[in-house]
Every structure is written in structure tokens, then in C-alpha cells.
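See below for data-v3.csv, which holds CSV, C-alpha atoms and all ligand atoms.
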```
chain,number,residue,atom,x,y,z
A,11,MET,CA,8.4,-40.9,-10.8
A,12,GLU,CA,6.8,-37.7,-9.4
A,13,PRO,CA,9.2,-35.0,-8.2
A,14,LYS,CA,10.0,-34.8,-4.5
A,15,ILE,CA,8.2,-32.1,-2.7
A,16,LEU,CA,9.5,-30.1,0.3
A,17,HIS,CA,6.7,-29.2,2.6
A,18,VAL,CA,8.1,-26.2,4.7
A,19,GLY,CA,5.6,-25.8,7.5
A,20,PRO,CA,2.4,-27.4,8.8
A,21,LEU,CA,-1.0,-26.1,7.6
A,22,THR,CA,-4.2,-27.8,8.6
A,23,GLU,CA,-4.1,-31.5,9.5
A,24,ARG,CA,-6.3,-32.1,6.4
A,25,PHE,CA,-3.8,-30.3,4.1
A,26,ASN,CA,-0.8,-32.0,5.6
A,27,GLN,CA,-2.3,-35.4,5.2
A,28,ARG,CA,-3.5,-34.8,1.7
A,29,LEU,CA,-0.1,-33.6,0.6
A,30,ALA,CA,1.6,-36.6,2.1
A,31,HIS,CA,-1.0,-38.9,0.7
A,32,GLU,CA,-1.1,-37.6,-2.9
A,33,HIS,CA,2.5,-36.7,-3.3
A,34,ASP,CA,6.1,-37.6,-2.3
A,35,ALA,CA,6.3,-34.9,0.2
A,36,VAL,CA,8.8,-34.4,3.1
A,37,PRO,CA,7.6,-32.3,6.1
A,38,LEU,CA,10.6,-30.1,6.8
A,39,TRP,CA,9.4,-29.1,10.3
A,40,GLN,CA,9.9,-32.7,11.4
A,41,GLN,CA,13.5,-33.0,10.3
A,42,GLY,CA,15.3,-31.2,13.1
A,43,ASP,CA,17.5,-28.3,12.0
A,44,ALA,CA,16.0,-27.2,8.7
A,45,LEU,CA,19.1,-25.8,7.1
A,46,ALA,CA,21.3,-28.7,8.2
A,47,PHE,CA,18.7,-31.1,6.7
A,48,LEU,CA,18.7,-29.2,3.4
A,49,ASP,CA,22.5,-29.2,3.4
A,50,ALA,CA,22.3,-32.9,3.4
A,51,HIS,CA,19.2,-33.6,1.2
A,52,GLY,CA,18.3,-30.3,-0.6
A,53,THR,CA,19.3,-31.6,-4.0
A,54,ALA,CA,16.4,-34.1,-3.9
A,55,PHE,CA,13.6,-31.5,-4.1
A,56,GLU,CA,12.0,-30.1,-7.2
A,57,VAL,CA,9.0,-28.3,-5.7
A,58,VAL,CA,8.4,-26.4,-2.5
A,59,VAL,CA,5.0,-26.2,-0.8
A,60,THR,CA,4.8,-23.4,1.8
A,61,SER,CA,2.6,-20.6,3.1
A,62,ALA,CA,2.6,-16.9,3.5
A,63,ARG,CA,3.6,-17.5,7.1
A,64,PHE,CA,6.5,-20.0,6.6
A,65,GLY,CA,7.7,-18.6,3.2
A,66,CYS,CA,10.9,-19.8,1.7
A,67,SER,CA,14.1,-17.9,2.6
A,68,ALA,CA,17.1,-17.2,0.5
A,69,ALA,CA,19.1,-19.4,2.8
A,70,MET,CA,16.7,-22.3,2.1
A,71,LEU,CA,16.6,-21.6,-1.6
A,72,GLU,CA,20.4,-21.7,-1.9
A,73,ARG,CA,20.3,-25.2,-0.5
A,74,LEU,CA,17.6,-26.3,-3.1
A,75,PRO,CA,19.5,-26.2,-6.4
A,76,ASN,CA,16.9,-28.3,-8.3
A,77,VAL,CA,13.7,-26.5,-7.2
A,78,ARG,CA,11.6,-25.3,-10.2
A,79,ALA,CA,8.4,-24.2,-8.4
A,80,ILE,CA,7.2,-22.8,-5.1
A,81,CYS,CA,3.5,-23.2,-4.4
A,82,SER,CA,2.4,-21.1,-1.5
A,83,PHE,CA,-0.8,-21.0,0.6
A,84,GLY,CA,-1.8,-17.4,1.0
A,85,VAL,CA,-1.7,-14.3,-1.1
A,86,GLY,CA,1.3,-12.5,0.5
A,87,TYR,CA,4.7,-13.6,-0.6
A,88,ASP,CA,7.0,-11.2,1.4
A,89,ALA,CA,8.4,-14.3,3.3
A,90,ILE,CA,9.5,-15.9,0.0
A,91,ALA,CA,12.9,-15.0,-1.5
A,92,ILE,CA,11.2,-13.8,-4.6
A,93,GLU,CA,14.2,-12.0,-6.2
A,94,ALA,CA,16.3,-15.2,-5.9
A,95,ALA,CA,13.4,-17.2,-7.3
A,96,ARG,CA,13.0,-14.8,-10.3
A,97,GLN,CA,16.7,-14.9,-11.1
A,98,ARG,CA,16.7,-18.7,-11.2
A,99,GLY,CA,13.5,-18.9,-13.2
A,100,ILE,CA,11.6,-20.7,-10.4
A,101,GLN,CA,7.8,-20.4,-10.7
A,102,VAL,CA,6.1,-19.1,-7.6
A,103,SER,CA,2.3,-19.4,-7.1
A,104,SER,CA,0.1,-17.8,-4.4
A,105,THR,CA,-3.6,-18.0,-3.7
A,106,PRO,CA,-5.1,-14.7,-4.9
A,107,ASP,CA,-8.8,-13.7,-5.0
A,108,VAL,CA,-10.2,-16.7,-3.0
A,109,LEU,CA,-9.5,-14.8,0.2
A,110,ASN,CA,-10.5,-11.3,-0.8
A,111,ASP,CA,-14.0,-11.5,0.7
A,112,CYS,CA,-12.8,-12.7,4.1
A,113,VAL,CA,-10.0,-10.3,4.5
A,114,ALA,CA,-12.2,-7.4,3.4
A,115,ASP,CA,-15.0,-8.6,5.8
A,116,LEU,CA,-12.5,-8.6,8.7
A,117,ALA,CA,-11.2,-5.1,7.8
A,118,MET,CA,-14.8,-3.8,8.0
A,119,GLY,CA,-15.5,-5.8,11.2
A,120,LEU,CA,-12.4,-4.3,12.9
A,121,LEU,CA,-13.3,-0.8,11.6
A,122,ILE,CA,-16.9,-1.0,13.0
A,123,ASP,CA,-15.6,-2.5,16.2
A,124,CYS,CA,-13.1,0.3,16.7
A,125,ALA,CA,-15.5,3.1,15.9
A,126,ARG,CA,-18.6,1.7,17.7
A,127,ARG,CA,-16.5,0.0,20.4
A,128,ILE,CA,-18.3,-3.3,20.3
A,129,SER,CA,-15.5,-5.3,22.0
A,130,ALA,CA,-15.1,-2.6,24.7
A,131,ALA,CA,-18.9,-2.5,25.2
A,132,ASP,CA,-18.8,-6.3,25.6
A,133,ARG,CA,-16.1,-6.0,28.2
A,134,PHE,CA,-18.2,-3.3,29.9
A,135,VAL,CA,-21.3,-5.5,30.1
A,136,ARG,CA,-19.4,-8.6,31.3
A,137,ALA,CA,-17.6,-6.6,34.0
A,138,GLY,CA,-21.0,-5.8,35.4
A,139,LEU,CA,-20.5,-2.0,34.9
A,140,TRP,CA,-23.8,-1.2,33.2
A,141,PRO,CA,-26.0,-0.8,36.3
A,142,ALA,CA,-23.5,1.8,37.5
A,143,GLY,CA,-23.9,4.0,34.4
A,144,ASN,CA,-24.1,4.2,30.6
A,145,PHE,CA,-21.4,3.2,28.2
A,146,PRO,CA,-19.6,6.2,26.7
A,147,LEU,CA,-20.8,7.4,23.3
A,148,ALA,CA,-18.9,6.0,20.3
A,149,ARG,CA,-18.3,7.3,16.8
A,150,LYS,CA,-20.5,6.9,13.7
A,151,VAL,CA,-19.3,4.7,10.9
A,152,SER,CA,-21.6,5.4,7.9
A,153,GLY,CA,-20.9,8.4,5.7
A,154,LYS,CA,-17.3,8.8,7.0
A,155,ARG,CA,-14.1,9.3,5.0
A,156,LEU,CA,-12.1,6.1,4.3
A,157,GLY,CA,-8.5,6.1,3.1
A,158,ILE,CA,-7.2,2.9,1.6
A,159,VAL,CA,-3.5,2.2,1.4
A,160,GLY,CA,-3.0,-0.3,-1.4
A,161,LEU,CA,-6.0,-0.5,-3.7
A,162,GLY,CA,-5.3,-4.0,-5.0
A,163,ARG,CA,-7.8,-6.9,-5.1
A,164,ILE,CA,-8.5,-6.8,-1.3
A,165,GLY,CA,-8.5,-3.0,-1.1
A,166,LYS,CA,-11.1,-2.8,-3.9
A,167,ASP,CA,-13.3,-5.2,-1.9
A,168,VAL,CA,-13.0,-3.0,1.2
A,169,ALA,CA,-13.9,0.0,-1.0
A,170,ARG,CA,-17.0,-1.7,-2.3
A,171,ARG,CA,-18.1,-2.6,1.2
A,172,ALA,CA,-17.5,1.0,2.3
A,173,GLU,CA,-19.7,2.2,-0.5
A,174,GLY,CA,-22.5,0.3,1.1
A,175,PHE,CA,-21.9,2.4,4.2
A,176,ASP,CA,-22.1,5.6,2.2
A,177,MET,CA,-18.4,6.3,2.8
A,178,LEU,CA,-16.3,8.6,0.7
A,179,VAL,CA,-13.3,6.6,-0.5
A,180,ARG,CA,-9.9,7.8,-1.5
A,181,TYR,CA,-6.7,5.7,-1.9
A,182,HIS,CA,-3.0,5.8,-2.0
A,183,ASN,CA,-1.0,3.5,-4.4
A,184,ARG,CA,2.3,3.8,-6.1
A,185,ARG,CA,0.4,4.5,-9.3
A,186,PRO,CA,-3.2,5.6,-9.9
A,187,ASP,CA,-5.6,2.8,-11.0
A,188,ALA,CA,-7.3,4.1,-14.1
A,189,ASP,CA,-10.3,1.7,-13.6
A,190,ALA,CA,-10.9,2.7,-10.0
A,191,PRO,CA,-13.9,5.0,-9.4
A,192,TYR,CA,-12.2,6.5,-6.3
A,193,GLY,CA,-9.9,9.5,-5.8
A,194,PHE,CA,-6.2,8.8,-6.0
A,195,GLU,CA,-4.0,10.5,-3.4
A,196,PRO,CA,-0.3,10.5,-4.2
A,197,ASP,CA,0.6,12.0,-0.9
A,198,LEU,CA,0.1,9.5,2.0
A,199,LEU,CA,0.2,12.3,4.6
A,200,ALA,CA,-2.5,14.2,2.9
A,201,LEU,CA,-4.7,11.0,2.7
A,202,ALA,CA,-4.2,10.4,6.4
A,203,ARG,CA,-5.1,14.0,7.2
A,204,TRP,CA,-8.3,13.7,5.1
A,205,ALA,CA,-9.4,10.3,6.3
A,206,ASP,CA,-11.4,9.4,9.4
A,207,PHE,CA,-10.4,5.7,8.9
A,208,LEU,CA,-7.2,4.5,7.2
A,209,VAL,CA,-7.3,0.8,6.1
A,210,LEU,CA,-4.0,-0.9,5.1
A,211,THR,CA,-4.3,-3.6,2.3
A,212,CYS,CA,-1.0,-3.2,0.7
A,213,PRO,CA,1.7,-5.9,0.3
A,214,GLY,CA,4.4,-6.3,2.9
A,215,GLY,CA,8.1,-6.4,2.1
A,216,THR,CA,10.8,-3.8,1.8
A,217,ALA,CA,8.9,-1.4,-0.5
A,218,THR,CA,6.2,-0.8,2.2
A,219,HIS,CA,8.4,-1.2,5.3
A,220,HIS,CA,7.2,1.3,8.0
A,221,LEU,CA,5.2,3.2,5.3
A,222,ILE,CA,2.9,4.1,8.2
A,223,SER,CA,5.3,6.3,10.1
A,224,ALA,CA,4.9,8.4,13.2
A,225,ALA,CA,4.1,11.3,10.9
A,226,VAL,CA,1.3,9.4,9.1
A,227,LEU,CA,-0.2,8.4,12.5
A,228,GLU,CA,0.1,12.1,13.6
A,229,ALA,CA,-1.8,13.1,10.5
A,230,LEU,CA,-4.5,10.6,11.1
A,231,GLY,CA,-4.9,12.2,14.5
A,232,PRO,CA,-6.7,11.7,17.8
A,233,GLU,CA,-10.0,11.0,16.1
A,234,GLY,CA,-8.6,8.8,13.4
A,235,ILE,CA,-8.7,5.0,13.3
A,236,LEU,CA,-6.1,2.7,11.7
A,237,ILE,CA,-7.0,-0.7,10.4
A,238,ASN,CA,-4.2,-3.1,9.5
A,239,VAL,CA,-5.1,-6.4,7.7
A,240,ALA,CA,-1.9,-6.2,5.5
A,241,ARG,CA,1.4,-6.9,7.3
A,242,GLY,CA,2.8,-5.8,10.6
A,243,SER,CA,5.9,-4.6,8.8
A,244,VAL,CA,3.9,-1.8,7.1
A,245,VAL,CA,3.5,0.1,10.4
A,246,ASP,CA,6.2,1.5,12.7
A,247,GLU,CA,4.8,-0.5,15.6
A,248,PRO,CA,6.6,1.4,18.5
A,249,ALA,CA,5.3,4.7,17.0
A,250,LEU,CA,1.8,3.2,16.8
A,251,VAL,CA,1.8,1.9,20.4
A,252,ALA,CA,3.0,5.3,21.6
A,253,ALA,CA,0.4,7.2,19.6
A,254,LEU,CA,-2.4,5.0,20.9
A,255,ALA,CA,-1.2,5.1,24.5
A,256,GLU,CA,-0.9,8.9,24.5
A,257,GLY,CA,-4.2,9.5,22.8
A,258,ARG,CA,-2.6,11.0,19.7
A,259,LEU,CA,-4.3,8.3,17.6
A,260,GLY,CA,-8.0,7.5,18.1
A,261,GLY,CA,-7.9,3.8,17.7
A,262,ALA,CA,-6.6,0.8,15.9
A,263,GLY,CA,-7.9,-2.5,14.7
A,264,LEU,CA,-4.9,-4.9,14.1
A,265,ASP,CA,-4.9,-8.3,12.6
A,266,VAL,CA,-1.1,-8.3,11.9
A,267,PHE,CA,2.0,-7.4,13.9
A,268,GLU,CA,5.7,-6.9,13.4
A,269,SER,CA,6.8,-10.0,15.3
A,270,GLU,CA,3.9,-12.4,15.1
A,271,PRO,CA,2.7,-14.2,17.2
A,272,HIS,CA,4.1,-11.7,19.6
A,273,VAL,CA,2.0,-8.6,20.2
A,274,PRO,CA,3.3,-5.6,22.1
A,275,GLU,CA,2.1,-6.0,25.7
A,276,ALA,CA,1.4,-2.3,26.0
A,277,LEU,CA,-1.5,-2.8,23.6
A,278,PHE,CA,-3.3,-5.3,26.0
A,279,ALA,CA,-4.1,-2.5,28.5
A,280,LEU,CA,-5.5,-0.1,25.9
A,281,ASP,CA,-9.3,0.1,25.4
A,282,ASN,CA,-9.0,1.9,22.0
A,283,VAL,CA,-7.5,-1.1,20.2
A,284,VAL,CA,-9.1,-4.3,18.8
A,285,LEU,CA,-6.6,-7.2,18.4
A,286,ALA,CA,-6.9,-10.2,16.2
A,287,PRO,CA,-4.4,-13.1,15.8
A,288,HIS,CA,-3.9,-12.8,12.0
A,289,VAL,CA,-7.2,-14.3,11.0
A,290,GLY,CA,-8.0,-12.3,7.9
A,291,SER,CA,-8.4,-15.4,5.7
A,292,GLY,CA,-9.3,-17.6,8.7
A,293,THR,CA,-12.7,-19.1,7.8
A,294,ARG,CA,-13.2,-22.7,7.0
A,295,ASP,CA,-14.8,-21.8,3.7
A,296,THR,CA,-11.9,-19.6,2.5
A,297,ARG,CA,-9.1,-21.8,3.9
A,298,LEU,CA,-10.6,-24.7,2.0
A,299,GLN,CA,-10.6,-22.7,-1.3
A,300,MET,CA,-7.0,-21.7,-0.6
A,301,GLU,CA,-6.1,-25.3,-0.1
A,302,GLU,CA,-7.7,-26.3,-3.4
A,303,LEU,CA,-5.8,-23.6,-5.2
A,304,VAL,CA,-2.5,-24.7,-3.8
A,305,PHE,CA,-3.2,-28.3,-5.0
A,306,ALA,CA,-4.5,-27.0,-8.4
A,307,ASN,CA,-1.2,-25.0,-8.8
A,308,LEU,CA,0.8,-28.0,-7.8
A,309,ARG,CA,-1.1,-30.3,-10.2
A,310,ALA,CA,-0.8,-27.8,-13.1
A,311,PHE,CA,3.0,-27.5,-12.5
A,312,LEU,CA,3.5,-31.3,-12.3
A,313,ASP,CA,1.3,-32.0,-15.4
A,314,LYS,CA,1.9,-29.1,-17.6
A,315,GLY,CA,5.0,-27.4,-16.2
A,316,GLU,CA,3.2,-24.2,-15.4
A,317,VAL,CA,1.5,-23.0,-12.2
A,318,LEU,CA,-2.0,-21.4,-12.5
A,319,THR,CA,-1.7,-18.3,-10.4
A,320,PRO,CA,1.9,-17.1,-10.6
A,321,VAL,CA,3.3,-14.2,-8.7
A,322,VAL,CA,6.5,-14.0,-10.8
A,401,LIG,C1,-1.9,-16.5,5.5
A,401,LIG,C2,-2.0,-14.3,4.7
A,401,LIG,O1,-1.8,-17.1,4.3
A,401,LIG,O2,-2.7,-14.8,2.6
A,401,LIG,C3,-1.9,-14.2,3.3
A,401,LIG,O3,-1.0,-13.5,2.8
A,401,LIG,O4,-1.4,-13.6,5.5
A,401,LIG,C4,-2.8,-15.4,5.4
A,401,LIG,O5,-3.9,-15.7,4.6
A,401,LIG,C5,-2.4,-17.6,6.4
A,401,LIG,O6,-2.3,-17.1,7.7
A,401,LIG,C6,-1.6,-18.9,6.3
A,401,LIG,O7,-0.3,-18.6,6.4
```
Mind converting the file's structure to C-alpha cells?
Ligand code: 8YV
Amino acid sequence: MEPKILHVGPLTERFNQRLAHEHDAVPLWQQGDALAFLDAHGTAFEVVVTSARFGCSAAMLERLPNVRAICSFGVGYDAIAIEAARQRGIQVSSTPDVLNDCVADLAMGLLIDCARRISAADRFVRAGLWPAGNFPLARKVSGKRLGIVGLGRIGKDVARRAEGFDMLVRYHNRRPDADAPYGFEPDLLALARWADFLVLTCPGGTATHHLISAAVLEALGPEGILINVARGSVVDEPALVAALAEGRLGGAGLDVFESEPHVPEALFALDNVVLAPHVGSGTRDTRLQMEELVFANLRAFLDKGEVLTPVV
């Protein structure tokens, strides 16, 4: 008999049906109070299928004493109780690489939109304002200085795209990457001072919580643009909103927020921000590849006892 699978939160209809069809999976979101359900039935499950969004909390994991693997849809695992999993020898897989292109594409899209004010220009035309006068001049993108916070797989794809725009690229990481052909900047404030555009592609979680502080935003300055395709938790959001509203920061392109799906209302009124509802990986092509990788990890664990793309 195949192990029982706990399916934490709904993904696409296709994914949900496929999991239910191919495996003995229980949709947790349909069981009423999740923790109460796990108190009663948690011992039955050996594998958890979840996503970057729904994760698997420490409270859940405590109620799943027989779980041996967590297969997650998405590359970020800040919502998974990774330390508890590591201590118990639970394998955790994510879906790296298959989404790099799409997240990097969105980062560049937000950057160009903020600098050239494409969304603002679109609003200007639709509001019938053009006959009354020209749209204000925007800022050039090509040849500018790009700072990347977190030069991992996605950060490197952003850097490669930026090279196509003749940008100068420097990056901030915890450690320099010996293979990266870009300048390493150990001082985040210095990177923000140097950069015209600062793109965040680092992981979320406690290690990067509010890394982008009021001081970093101040250093980026009234001409600077912040792009966040990482996690909302990386940025001190109230400080960001204040800096944008008071013109101390030039602009921001944001795909992620601290309390998703809730976006600070103060941002809605600002013309110097471009807002997206966490769609970095949100193309049909990429989501399909992420789905395939979740199922491949699951299959590998069930057949051979080892996931293919482990995070721990
Ligand atoms: C989510 C993401 O996976 O991969 C990540 O870390 O944030 C996204 O791709 C997606 O929204 C589904 O949860």
C-alpha cells in the first residue's frame, strides 16, 4: 500500500486532481480545523505535499510523527519548519531552477516599468490626459548601476539580463561567489548608495528579515528604485511606504508583501510604485514545470526513498 499523503493547500485544479487521482492524498483545507484534524489523524501521514505559500508549520509537523518527506511547490521554503524537519531527518524538496527565467523576467519587467513608468503612462492615456499635455519624462534603464541582494540562481539570471542592458552589476551576499563575474559588496548600505536600482532575490526567513531597513532605503535615495521579487519579509514595509510617500525613495516594483494578500493601502495612491500579486513564477509554462518537479520528487521518494531536489 502506498503511503498516505497530506495535501496542505490547493494548487491548480489540475494539480489537485492529479494528486488525488495518482495517490492516496487527503486535502487538508477541506477538513475543517487543520490542527484539530491532525490531532486526530496526523499519525496516518508519511508524506506532505505543500507549496511555498502554504508551507508546513512546526505546529503541523509536531502532529505528523510519521512524516518522512515534504514535497513543496515553489523554490522558497521559509514557510516550512525546516529546522524541525532537519532534526527529524525529514527530506524536504522544493522546485528550484524551473522558475528562474520567469522570476528574473518579472524583476526586469518591474524595473523597466518603474523607471520608464509604463503603468503610469498607461493610466495617463486611459484617463484622457494626453491631449492636455505631455507625459513627464522618465528615467533611462540601459547602462545604469544594478545592485542585486542575493546572487543565487534567480539573482544570476537577473544579472545576465541586466548585462543585455549594458548595466554595471554588483551584488551583496553573505559570502562572495567565486564564480560570479560581478563585484561583491559586503556592505549593503554601500551597495544601496552605489546602485540606481536594487533588486531583491534573496531567500526569506529570519536571516533576511527586514534586511532592507529604513537606512538602506535612505541610501538608495530619491532617484533609486527598489525591486522585490523575493519575500515581503525582507523589507521593512512601513519604512518603505513612508519613504515612497515622502519622495525619499524614487520608486518600487513589488511582487511580494509582508502580509500577502494584503497590500498596504497607502501604496494604492502612489504613482511611483508598480504592484503585482506575487506572480513571479506565474506563467502556465513555468507552473507546469513546477508541478512536474513536485510529482517527480514525490515519485522518487516513494520509489527510491530519496527526493530529487532536496533543500535539506
Ligand atoms: C510560489 C514562490 O511557489 O517559488 C516560490 O518561492 O514564491 C512562488 O513561486 C507560488 O506562488 C506558489 O505558492
Inset, instruction - Could you pull out the residues sitting within 6 Å of ligand LIG 401 (chain A), using all atoms listed in the file, and write them as a list in words? - result: Ser61, Ala62, Arg63, Phe83, Gly84, Val85, Gly86 and Ser291 of chain A
Inset, instruction - Skip segment 249-265 of chain A itself and residues of its chain fewer than 6 positions away, then list as number ranges by chain all residues within 6 Å of it, counting only C-alpha atoms. - result: A: 120, 224, 231-239, 282-288
Inset, instruction - Please identify all polymer residues within 9 Å of Val321 of chain A, counting all atoms listed in the file, omitting same-chain residues fewer than 5 positions from it, and present them as a list in words. - result: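 Selected residues are Tyr87, Ile92, Gln101, Val102, Ser103 and Ser104 of chain A.
Relative to atom CA of Ala94 of chain A, atom CA of Ala68 of chain A is found at 6.8 Å.
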Inset, instruction - May I have the protein, DNA and RNA residues with an atom at most 10 Å from (6.0, -5.6, 2.2), counting all atoms listed in the file in the file's coordinates, returned as a list in words? - result: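 Neighbouring residues, ordered by chain and number, come to Gly86, Tyr87, Asp88, Ala89, Cys212, Pro213, Gly214, Gly215, Thr216, Ala217, Thr218, His219, His220, Leu221, Ala240, Arg241, Gly242, Ser243 and Val244 of chain A.
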Legend entry - For segment 36-42 of chain A: contacts at 9 Å, all atoms listed in the file, fewer than 5 positions along chain excluded, given as a list in words: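 What passes the distance filter is Lys14, Ile15, Leu16, His17, Val18, Gly19, Pro20, Asn26, Ala30, Phe47 and Leu48 of chain A.
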Inset, instruction - With a distance cut-off of 9 Å and all atoms listed in the file, select the neighbouring residues of segment 303-315 of chain A, excluding the residue or stretch itself and same-chain residues fewer than 6 positions from it, and output the selection as a PyMOL selection string. - result: chain A and resi 12-13+29+57+59+79-84+101+103-106+108
Legend entry - Interatomic distance (Å, one decimal) between atom CA of Ser223 of chain A and atom CA of Leu199 of chain A: 9.6 Å
Inset, instruction - Tell me which protein, DNA and RNA residues are within 10 Å of Thr296 of chain A, counting all atoms listed in the file, leaving out same-chain ones fewer than 4 positions away, and put them as an MDAnalysis selection string. - result: chainID A and resid 108:113 290:292 300:302
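Distances from A:His31, A:Glu247, A:Leu71, A:Lys150 to Glu270 of chain A were compared using all atoms listed in the file, and the smallest one belongs to A:Glu247.
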Legend entry - Best match for closeness to Arg180 of chain A among A:Val58, A:Met118, A:Ala148, A:Leu198, counting all atoms listed in the file: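 Nearest to Arg180 of chain A: A:Leu198.
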Legend entry - Option closest in space to Ser129 of chain A, from A:Arg96, A:Thr293, A:Asp281, A:Ala205 [counting all atoms listed in the file]: A:Asp281
Inset, instruction - Kindly indicate which residue among A:Arg297, A:Ala46, A:Glu316, A:Ser67 lies nearest to Arg24 of chain A, using only C-alpha atoms for the distances. - result: A:Arg297
